[in-house]
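Q: Just so it is clear, I am handing over input_6.cif, which has mmCIF, C-alpha atoms.
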```cif
data_query
loop_
_atom_site.label_atom_id
_atom_site.label_comp_id
_atom_site.auth_asym_id
_atom_site.auth_seq_id
_atom_site.Cartn_x
_atom_site.Cartn_y
_atom_site.Cartn_z
CA MET A 7 157.12 194.81 111.45
CA ILE A 8 154.64 192.85 109.33
CA PRO A 9 154.90 189.04 109.89
CA ALA A 10 155.94 186.94 106.91
CA ILE A 11 153.87 184.71 104.66
CA ARG A 12 155.44 181.30 104.07
CA VAL A 13 153.99 179.32 101.18
CA THR A 14 154.52 175.58 100.71
CA GLY A 15 155.59 175.39 97.05
CA ALA A 16 155.64 177.16 93.70
CA ALA A 17 152.62 175.35 92.29
CA ILE A 18 150.56 176.07 95.37
CA LEU A 19 151.73 179.69 95.37
CA ALA A 20 150.45 180.03 91.81
CA ALA A 21 147.09 178.60 92.83
CA LEU A 22 146.93 180.98 95.79
CA CYS A 23 147.63 184.01 93.63
CA MET A 24 145.14 182.95 90.94
CA SER A 25 142.33 182.17 93.35
CA GLY A 26 140.44 185.39 92.57
CA ALA A 27 138.07 187.71 94.36
CA ALA A 28 135.68 184.93 95.39
CA ARG A 29 138.02 184.04 98.26
CA ALA A 30 138.48 187.60 99.51
CA ASP A 31 137.59 187.04 103.16
CA ILE A 32 139.25 188.46 106.23
CA ALA A 33 140.29 186.42 109.24
CA ALA A 34 140.42 188.16 112.62
CA ILE A 35 143.11 186.47 114.74
CA THR A 36 143.46 187.13 118.47
CA SER A 37 147.01 186.64 119.77
CA GLN A 38 146.76 185.96 123.48
CA THR A 39 150.44 186.19 124.38
CA ALA A 40 151.20 189.29 122.31
CA GLY A 41 147.90 191.06 123.06
CA MET A 42 147.08 191.80 119.43
CA LEU A 43 144.30 191.51 116.86
CA THR A 44 145.57 190.67 113.37
CA LEU A 45 143.44 190.85 110.22
CA ILE A 46 144.52 188.54 107.38
CA ASP A 47 143.40 188.40 103.76
CA THR A 48 142.54 184.70 103.32
CA ASP A 49 143.00 184.91 99.54
CA THR A 50 146.61 186.13 99.55
CA GLY A 51 147.69 185.52 103.15
CA ALA A 52 148.60 189.20 103.47
CA ILE A 53 148.45 190.94 106.84
CA LEU A 54 145.95 193.81 106.59
CA THR A 55 146.26 195.36 110.06
CA ILE A 56 147.63 194.60 113.52
CA THR A 57 145.87 196.33 116.42
CA PRO A 58 146.78 196.24 120.14
CA LEU A 59 144.35 194.12 122.18
CA PRO A 60 145.68 193.73 125.73
CA GLY A 61 144.41 191.41 128.45
CA ASN A 62 145.04 187.89 127.05
CA PRO A 63 142.37 187.81 124.33
CA ALA A 64 141.17 184.43 123.06
CA ALA A 65 137.56 184.54 121.83
CA VAL A 66 136.68 186.53 118.73
CA ALA A 67 133.68 186.82 116.40
CA ILE A 68 132.87 188.80 113.26
CA ASP A 69 129.45 190.34 112.67
CA ALA A 70 129.75 190.95 108.94
CA ALA A 71 126.14 192.10 108.60
CA ARG A 72 126.79 195.05 110.91
CA GLY A 73 130.47 195.62 110.14
CA ARG A 74 131.85 194.72 113.56
CA ILE A 75 134.53 192.51 115.05
CA MET A 76 134.34 191.64 118.74
CA ALA A 77 136.83 190.01 121.08
CA VAL A 78 136.97 189.13 124.77
CA ALA A 79 140.05 189.93 126.87
CA VAL A 80 140.15 187.34 129.64
CA ASP A 81 142.39 189.12 132.16
CA THR A 82 140.61 192.47 132.04
CA GLY A 83 137.08 191.12 131.52
CA LEU A 84 136.51 193.50 128.63
CA LEU A 85 134.47 193.08 125.46
CA HIS A 86 136.34 194.95 122.71
CA VAL A 87 134.50 196.17 119.61
CA PHE A 88 136.29 197.03 116.34
CA ASP A 89 135.22 197.95 112.83
CA MET A 90 136.08 195.69 109.91
CA THR A 91 139.46 197.38 109.45
CA GLY A 92 140.51 196.68 113.04
CA ARG A 93 139.85 200.24 114.26
CA PRO A 94 138.73 200.22 117.93
CA LEU A 95 135.16 201.43 118.46
CA ALA A 96 134.38 200.61 122.10
CA GLN A 97 135.24 198.45 125.07
CA HIS A 98 132.88 197.31 127.82
CA LYS A 99 133.40 195.66 131.19
CA ILE A 100 131.57 192.33 131.46
CA ALA A 101 130.47 190.81 134.77
CA GLY A 102 131.91 187.55 136.04
CA ALA A 103 134.71 185.72 134.22
CA PRO A 104 133.99 186.19 130.49
CA PHE A 105 135.57 183.82 128.00
CA GLY A 106 133.65 182.53 124.93
CA LEU A 107 131.91 184.72 122.36
CA ALA A 108 129.36 184.52 119.55
CA ILE A 109 127.12 186.96 117.72
CA ARG A 110 123.35 186.59 118.02
CA PRO A 111 122.35 186.87 114.34
CA GLU A 112 118.90 188.36 114.91
CA THR A 113 120.19 191.33 116.91
CA GLY A 114 123.97 191.61 116.54
CA THR A 115 124.33 191.41 120.31
CA ALA A 116 127.32 189.64 121.86
CA LEU A 117 126.76 186.31 123.59
CA VAL A 118 129.51 185.90 126.19
CA THR A 119 130.08 182.82 128.33
CA ASP A 120 130.86 183.60 131.95
CA GLN A 121 132.89 180.74 133.42
CA THR A 122 131.09 181.10 136.74
CA GLY A 123 128.11 179.42 135.00
CA THR A 124 126.20 182.11 133.11
CA LEU A 125 125.65 183.19 129.52
CA ARG A 126 125.33 186.96 129.11
CA GLU A 127 123.87 188.90 126.17
CA ILE A 128 125.57 192.28 125.74
CA ASN A 129 124.69 195.29 123.61
CA PRO A 130 128.02 196.00 121.82
CA GLU A 131 127.24 199.70 121.41
CA THR A 132 126.41 200.49 125.04
CA GLY A 133 127.82 197.56 126.99
CA ALA A 134 124.44 197.03 128.66
CA GLU A 135 123.52 193.47 129.65
CA VAL A 136 120.36 192.65 127.71
CA ALA A 137 119.71 189.18 129.13
CA SER A 138 121.39 186.31 130.95
CA TRP A 139 120.82 182.58 131.37
CA PRO A 140 122.19 180.05 133.86
CA VAL A 141 124.18 177.34 132.07
CA GLY A 142 126.38 174.42 133.10
CA ALA A 143 129.71 174.39 134.90
CA LEU A 144 132.59 176.31 133.30
CA PRO A 145 131.01 177.18 129.95
CA SER A 146 133.54 177.78 127.18
CA GLY A 147 132.30 177.93 123.59
CA VAL A 148 128.98 179.36 122.44
CA ALA A 149 127.21 179.20 119.08
CA ALA A 150 124.04 180.84 117.80
CA ALA A 151 121.57 180.59 114.94
CA PRO A 152 118.19 182.32 114.60
CA GLY A 153 116.10 181.13 117.53
CA LEU A 154 118.83 178.90 118.96
CA ILE A 155 121.81 179.40 121.31
CA VAL A 156 124.09 176.63 122.56
CA THR A 157 126.88 176.70 125.15
CA ALA A 158 129.55 174.04 125.65
CA ASP A 159 129.61 173.46 129.42
CA ARG A 160 133.09 172.01 129.87
CA ASP A 161 133.00 170.79 133.46
CA ALA A 162 129.41 169.54 133.17
CA ASP A 163 130.21 167.33 130.13
CA ALA A 164 127.09 168.83 128.58
CA VAL A 165 125.61 171.54 126.41
CA THR A 166 122.91 174.01 127.32
CA VAL A 167 120.41 174.57 124.51
CA ILE A 168 118.44 177.83 124.70
CA GLN A 169 115.36 178.21 122.49
CA GLY A 170 113.08 181.11 123.36
CA ASP A 171 112.53 181.09 127.11
CA GLU A 172 113.49 177.43 127.49
CA ALA A 173 116.94 176.16 128.44
CA THR A 174 117.64 172.42 128.23
CA THR A 175 120.78 170.52 129.19
CA TRP A 176 121.97 167.53 127.16
CA PRO A 177 125.03 165.35 127.92
CA VAL A 178 127.88 165.05 125.39
CA GLY A 179 131.48 163.82 125.66
CA GLN A 180 134.03 164.74 128.30
CA HIS A 181 135.03 168.39 128.53
CA PRO A 182 133.32 169.89 125.47
CA PHE A 183 135.14 173.08 124.53
CA GLY A 184 134.25 174.35 121.07
CA VAL A 185 130.63 174.09 119.89
CA THR A 186 129.39 174.58 116.33
CA LEU A 187 125.94 174.54 114.69
CA HIS A 188 125.64 172.98 111.24
CA ASP A 189 122.59 171.77 109.30
CA GLY A 190 120.41 172.02 112.40
CA LEU A 191 122.73 169.85 114.51
CA ILE A 192 125.16 170.56 117.37
CA PHE A 193 128.81 169.50 117.11
CA THR A 194 131.03 169.61 120.20
CA ALA A 195 134.79 169.07 120.43
CA ASP A 196 135.14 166.74 123.42
CA VAL A 197 138.64 167.41 124.68
CA LEU A 198 139.17 164.46 127.01
CA ASP A 199 137.41 161.87 124.82
CA ASP A 200 139.22 162.80 121.59
CA THR A 201 135.88 162.88 119.81
CA VAL A 202 133.27 165.14 118.27
CA SER A 203 129.72 164.58 119.50
CA VAL A 204 126.88 165.11 117.01
CA LEU A 205 123.71 166.06 118.86
CA ASP A 206 120.08 166.62 117.88
CA PRO A 207 119.14 169.84 119.74
CA VAL A 208 115.46 168.88 120.00
CA SER A 209 115.62 165.31 121.28
CA GLY A 210 119.07 165.44 122.86
CA THR A 211 120.00 162.28 120.99
CA ILE A 212 123.67 161.79 120.15
CA LEU A 213 123.53 160.82 116.48
CA ALA A 214 127.21 160.04 116.09
CA THR A 215 130.55 160.15 117.85
CA ILE A 216 133.45 160.99 115.53
CA ALA A 217 137.00 159.99 116.42
CA THR A 218 139.55 162.84 116.24
CA GLY A 219 143.18 163.39 117.06
CA GLU A 220 144.37 164.09 120.58
CA ARG A 221 142.70 167.00 122.39
CA PRO A 222 140.18 168.38 119.87
CA TYR A 223 139.43 172.06 120.35
CA ALA A 224 136.93 173.39 117.79
CA VAL A 225 135.00 172.45 114.63
CA ALA A 226 134.31 174.27 111.34
CA PHE A 227 132.47 173.26 108.17
CA ALA A 228 133.12 173.78 104.46
CA ALA A 229 132.58 171.97 101.17
CA GLY A 230 130.53 169.15 102.71
CA HIS A 231 133.08 168.32 105.38
CA GLY A 232 133.80 169.08 109.00
CA TYR A 233 137.26 170.11 110.18
CA VAL A 234 138.51 169.66 113.76
CA THR A 235 141.66 171.15 115.30
CA ASN A 236 143.65 168.64 117.39
CA GLN A 237 145.86 170.49 119.86
CA TYR A 238 148.28 167.74 120.89
CA ASP A 239 148.62 166.21 117.40
CA SER A 240 149.15 169.46 115.46
CA THR A 241 146.61 168.22 112.93
CA VAL A 242 143.13 168.84 111.59
CA THR A 243 140.75 165.88 111.33
CA VAL A 244 138.47 165.96 108.28
CA PHE A 245 135.10 164.16 108.27
CA ASP A 246 132.13 163.81 105.94
CA ALA A 247 129.45 166.18 107.25
CA ALA A 248 126.59 163.93 106.12
CA ARG A 249 127.94 160.48 107.02
CA PHE A 250 130.06 161.58 110.03
CA ALA A 251 132.92 159.40 108.76
CA VAL A 252 136.54 160.51 108.99
CA THR A 253 138.02 161.07 105.52
CA GLY A 254 141.48 162.51 106.18
CA THR A 255 143.97 164.41 108.31
CA VAL A 256 145.91 167.59 107.56
CA ASP A 257 149.18 168.52 109.29
CA VAL A 258 149.20 172.14 110.47
CA GLY A 259 151.21 174.20 112.97
CA ASP A 260 151.90 173.44 116.62
CA TYR A 261 148.90 173.31 118.99
CA PRO A 262 146.11 174.36 116.60
CA GLU A 263 143.09 175.92 118.24
CA GLY A 264 140.72 178.33 116.46
CA ILE A 265 139.34 177.18 113.12
CA ALA A 266 136.93 178.79 110.65
CA ALA A 267 135.91 178.55 107.00
CA THR A 268 135.75 181.25 104.36
CA ALA A 269 132.31 182.19 103.07
CA ASP A 270 132.73 180.30 99.79
CA GLY A 271 134.06 177.19 101.54
CA SER A 272 137.34 177.17 99.62
CA ARG A 273 139.62 177.81 102.60
CA ILE A 274 139.91 176.59 106.17
CA VAL A 275 141.81 178.97 108.45
CA VAL A 276 143.61 177.57 111.52
CA ALA A 277 145.29 179.49 114.35
CA ASN A 278 148.34 177.60 115.68
CA TRP A 279 148.87 178.77 119.26
CA PHE A 280 152.39 177.46 119.88
CA SER A 281 153.96 178.02 116.44
CA ASP A 282 152.64 181.61 116.13
CA THR A 283 151.21 180.92 112.68
CA VAL A 284 147.94 180.77 110.80
CA SER A 285 147.52 177.88 108.34
CA LEU A 286 145.41 178.30 105.19
CA ILE A 287 144.03 174.96 103.96
CA ASP A 288 142.65 174.52 100.44
CA THR A 289 139.48 172.43 100.89
CA ALA A 290 139.68 171.02 97.34
CA THR A 291 143.16 169.52 97.80
CA LEU A 292 143.42 169.35 101.63
CA GLN A 293 146.83 170.98 101.35
CA VAL A 294 148.17 173.83 103.45
CA VAL A 295 148.74 176.54 100.85
CA ALA A 296 150.25 179.11 103.20
CA GLU A 297 151.56 179.58 106.73
CA VAL A 298 151.26 183.17 107.90
CA ASP A 299 153.45 184.34 110.79
CA VAL A 300 151.41 186.35 113.31
CA PRO A 301 152.03 187.88 116.76
CA ALA A 302 152.68 185.40 119.57
CA GLY A 303 149.99 183.08 120.89
CA PRO A 304 147.24 183.07 118.23
CA ARG A 305 144.04 181.40 119.48
CA ALA A 306 141.10 182.87 117.50
CA PHE A 307 138.40 180.97 119.40
CA GLY A 308 135.13 181.59 117.58
CA THR A 309 133.71 182.37 114.14
CA PHE A 310 136.44 184.70 112.96
CA THR A 311 136.12 184.85 109.15
CA ALA A 312 133.84 186.95 106.95
CA PRO A 313 133.82 188.47 103.44
CA LYS A 314 135.84 191.65 103.17
CA PRO A 315 133.67 194.78 103.18
#
```
Would you mind writing the structure in this file as structure tokens?
A:
Amino acid sequence: MIPAIRVTGAAILAALCMSGAARADIAAITSQTAGMLTLIDTDTGAILTITPLPGNPAAVAIDAARGRIMAVAVDTGLLHVFDMTGRPLAQHKIAGAPFGLAIRPETGTALVTDQTGTLREINPETGAEVASWPVGALPSGVAAAPGLIVTADRDADAVTVIQGDEATTWPVGQHPFGVTLHDGLIFTADVLDDTVSVLDPVSGTILATIATGERPYAVAFAAGHGYVTNQYDSTVTVFDAARFAVTGTVDVGDYPEGIAATADGSRIVVANWFSDTVSLIDTATLQVVAEVDVPAGPRAFGTFTAPKP
């Protein structure tokens, strides 16, 4: 059975249908409770495919350049690899207690946080461990840009910044979970402080602390703004990405977690863990234009959107 698309009004439905090919991204949504991977068309809200993904999956990342989707199943410790249609390609056992996931853009390798205090780099074709780095206590999120890797070390209240052979630790707020790179800066969602920390990766200076709703989880960027999911408030905080000032709040589903932007910046996609929905936010109007029903427990922790192939 394909889950339903619920749209918030006739005028918004018309805008959604007229949005055109420029918004034709896919969103890869991991449903932890149901053990599924769902691909959604972010233009129309249509479900493209639903693929079994057992083992309580949470983290997911799309490597659009190489046509791969990857996800980590927490209970089984497996890295799953799919093509861009959701067809399974491979699965690999990862050492330790794998959780967070990002794609290293230079190589297409998987960067997987091991909650025992290690970051592992995995070849997604063979499952071989290419490299590893010690990081802080209970690392969760990981983000990467050319020449730069950052982990959010939750129980260390810090991030580990890896550049070349050097790894540096910088303090941030309490219990950073999601970490995002934007315009050369590091943004962490500090769960117990209800803030986002803005960090210079070179000097370790905290440039700003942005107030959020209760229990922020992850951050995404589009159209000159940052967007933060607030688990306990069922909202998304919106802030100016240049001035770091809060500009608005958007109501979404219950217990929002994963958040990502479409390639053209016109949509923000939010996975609502407790309401079993995905919210599509129009960044021009800051309105939720659709709520898509998905299999139970959507989390989608990572960079999970990319242009359709």
Q: Convert the output of the PyMOL selection byres ((chain A and resi 42-50) around 7) on the shown file into explicit residues, formatted as a list of chain:residue names.
A: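 That selection, the PyMOL selection byres ((chain A and resi 42-50) around 7), comes back as A:Leu22, A:Cys23, A:Ser25, A:Arg29, A:Ala30, A:Asp31, A:Ile32, A:Ala33, A:Ala34, A:Ile35, A:Thr36, A:Ser37, A:Ala40, A:Gly41, A:Gly51, A:Ala52, A:Ile53, A:Leu54, A:Thr55, A:Ile56, A:Thr57, A:Pro58, A:Leu59, A:Pro60, A:Pro301.
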Q: Can you give me, as a list in words, the residues this file yields under the PyMOL selection byres ((chain A and resi 147) around 10)?
A: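 Listing what the PyMOL selection byres ((chain A and resi 147) around 10) selects in the shown file: Ala65, Phe105, Gly106, Leu107, Ala108, Val118, Thr119, Leu144, Pro145, Ser146, Val148, Ala149, Val156, Thr157, Ala158, Asp159, Arg160, Val165, Pro182, Phe183, Gly184, Val185, Thr186, Thr194, Ala195, Tyr223, Ala224, Phe307 and Gly308 of chain A.
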Q: Measuring between all atoms listed in the file, which one of A:Gly232, A:Pro111, A:Gly61, A:Gly264 shows the shortest distance to Thr289 in chain A?
A: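 Using all atoms listed in the file, the shortest distance to Thr289 in chain A belongs to A:Gly232.
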Q: Env of Asp171 in chain A: 12 Å cut, atoms = only C-alpha atoms, seq-sep filter 3 positions within chain, self excluded. Answer as a tab-separated table (two decimals) with C-alpha atoms, keeping the file's coordinate frame.
A:
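Saved file out20.tsv follows:
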```tsv
chain	number	residue	atom	x	y	z
A	137	ALA	CA	119.71	189.18	129.13
A	138	SER	CA	121.39	186.31	130.95
A	139	TRP	CA	120.82	182.58	131.37
A	140	PRO	CA	122.19	180.05	133.86
A	153	GLY	CA	116.10	181.13	117.53
A	154	LEU	CA	118.83	178.90	118.96
A	155	ILE	CA	121.81	179.40	121.31
A	167	VAL	CA	120.41	174.57	124.51
A	168	ILE	CA	118.44	177.83	124.70
A	174	THR	CA	117.64	172.42	128.23
```
Q: For Thr82 in chain A, work out the shell of residues within 10 Å, counting all atoms listed in the file and skipping chain neighbours fewer than 6 positions away, then give it as a VMD selection string.
A: chain A and resid 60 to 63 99 to 100 103 to 104
Q: Kindly indicate which residue among A:Thr218, A:Thr211, A:Thr39, A:Thr113 lies nearest to Ala79 in chain A, using all atoms listed in the file for the distances.
A: A:Thr39
Q: List the neighbours of Asp69 in chain A out to 12 Å using only C-alpha atoms; skip same-chain residues closer than 5 positions along the sequence, and give me the result as a short mmCIF file (atom, residue, chain, number, x, y, z; two decimals) with C-alpha atoms, in the coordinates of the input.
A:
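Contents of part-v9.cif, freshly written:
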```cif
data_model
loop_
_atom_site.label_atom_id
_atom_site.label_comp_id
_atom_site.auth_asym_id
_atom_site.auth_seq_id
_atom_site.Cartn_x
_atom_site.Cartn_y
_atom_site.Cartn_z
CA ILE A 32 139.25 188.46 106.23
CA ALA A 34 140.42 188.16 112.62
CA ARG A 74 131.85 194.72 113.56
CA ILE A 75 134.53 192.51 115.05
CA MET A 76 134.34 191.64 118.74
CA ALA A 77 136.83 190.01 121.08
CA VAL A 87 134.50 196.17 119.61
CA PHE A 88 136.29 197.03 116.34
CA ASP A 89 135.22 197.95 112.83
CA MET A 90 136.08 195.69 109.91
CA LEU A 107 131.91 184.72 122.36
CA ALA A 108 129.36 184.52 119.55
CA ILE A 109 127.12 186.96 117.72
CA ARG A 110 123.35 186.59 118.02
CA PRO A 111 122.35 186.87 114.34
CA GLU A 112 118.90 188.36 114.91
CA THR A 113 120.19 191.33 116.91
CA GLY A 114 123.97 191.61 116.54
CA THR A 115 124.33 191.41 120.31
CA ALA A 116 127.32 189.64 121.86
CA LEU A 117 126.76 186.31 123.59
CA PRO A 130 128.02 196.00 121.82
CA GLY A 308 135.13 181.59 117.58
CA THR A 309 133.71 182.37 114.14
CA PHE A 310 136.44 184.70 112.96
CA THR A 311 136.12 184.85 109.15
CA ALA A 312 133.84 186.95 106.95
CA PRO A 313 133.82 188.47 103.44
CA LYS A 314 135.84 191.65 103.17
CA PRO A 315 133.67 194.78 103.18
#
```
Q: Let me know the residues the PyMOL selection byres ((chain A and resi 285) around 6) catches in the file above, as a PyMOL selection string.
A: chain A and resi 275-276+284+286+296-297
Q: Can you fill out range 100-114 of chain A with N, CA, C and O atoms and hand it back as a CSV table (one decimal), in the frame of the given file?
A:
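The result, stored in part-v4.csv:
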```csv
chain,number,residue,atom,x,y,z
A,100,ILE,N,132.6,193.4,131.4
A,100,ILE,CA,131.6,192.3,131.5
A,100,ILE,C,131.7,191.7,132.8
A,100,ILE,O,132.7,191.5,133.4
A,101,ALA,N,130.5,191.4,133.4
A,101,ALA,CA,130.5,190.8,134.8
A,101,ALA,C,131.0,189.4,134.7
A,101,ALA,O,131.0,188.7,133.7
A,102,GLY,N,131.5,188.9,135.9
A,102,GLY,CA,131.9,187.6,136.0
A,102,GLY,C,133.3,187.3,135.4
A,102,GLY,O,134.2,188.2,135.5
A,103,ALA,N,133.4,186.1,134.8
A,103,ALA,CA,134.7,185.7,134.2
A,103,ALA,C,134.5,185.4,132.8
A,103,ALA,O,134.3,184.2,132.4
A,104,PRO,N,134.4,186.4,131.9
A,104,PRO,CA,134.0,186.2,130.5
A,104,PRO,C,135.1,185.4,129.7
A,104,PRO,O,136.3,185.6,129.9
A,105,PHE,N,134.6,184.6,128.8
A,105,PHE,CA,135.6,183.8,128.0
A,105,PHE,C,135.1,183.6,126.6
A,105,PHE,O,135.7,184.2,125.7
A,106,GLY,N,134.1,182.8,126.3
A,106,GLY,CA,133.6,182.5,124.9
A,106,GLY,C,132.8,183.6,124.4
A,106,GLY,O,132.2,184.4,125.1
A,107,LEU,N,132.6,183.6,123.0
A,107,LEU,CA,131.9,184.7,122.4
A,107,LEU,C,131.3,184.3,121.1
A,107,LEU,O,131.9,183.5,120.3
A,108,ALA,N,130.0,184.7,120.8
A,108,ALA,CA,129.4,184.5,119.6
A,108,ALA,C,128.5,185.7,119.3
A,108,ALA,O,128.2,186.5,120.2
A,109,ILE,N,128.0,185.9,118.1
A,109,ILE,CA,127.1,187.0,117.7
A,109,ILE,C,125.7,186.4,117.6
A,109,ILE,O,125.5,185.4,116.9
A,110,ARG,N,124.7,187.0,118.2
A,110,ARG,CA,123.4,186.6,118.0
A,110,ARG,C,122.9,187.2,116.7
A,110,ARG,O,122.8,188.4,116.5
A,111,PRO,N,122.6,186.3,115.7
A,111,PRO,CA,122.4,186.9,114.3
A,111,PRO,C,121.1,187.8,114.2
A,111,PRO,O,121.1,188.7,113.4
A,112,GLU,N,120.1,187.5,115.0
A,112,GLU,CA,118.9,188.4,114.9
A,112,GLU,C,119.1,189.8,115.3
A,112,GLU,O,118.5,190.7,114.8
A,113,THR,N,120.0,190.0,116.3
A,113,THR,CA,120.2,191.3,116.9
A,113,THR,C,121.6,191.9,116.8
A,113,THR,O,121.7,193.1,117.0
A,114,GLY,N,122.6,191.1,116.5
A,114,GLY,CA,124.0,191.6,116.5
A,114,GLY,C,124.5,191.8,117.9
A,114,GLY,O,125.6,192.3,118.1
```
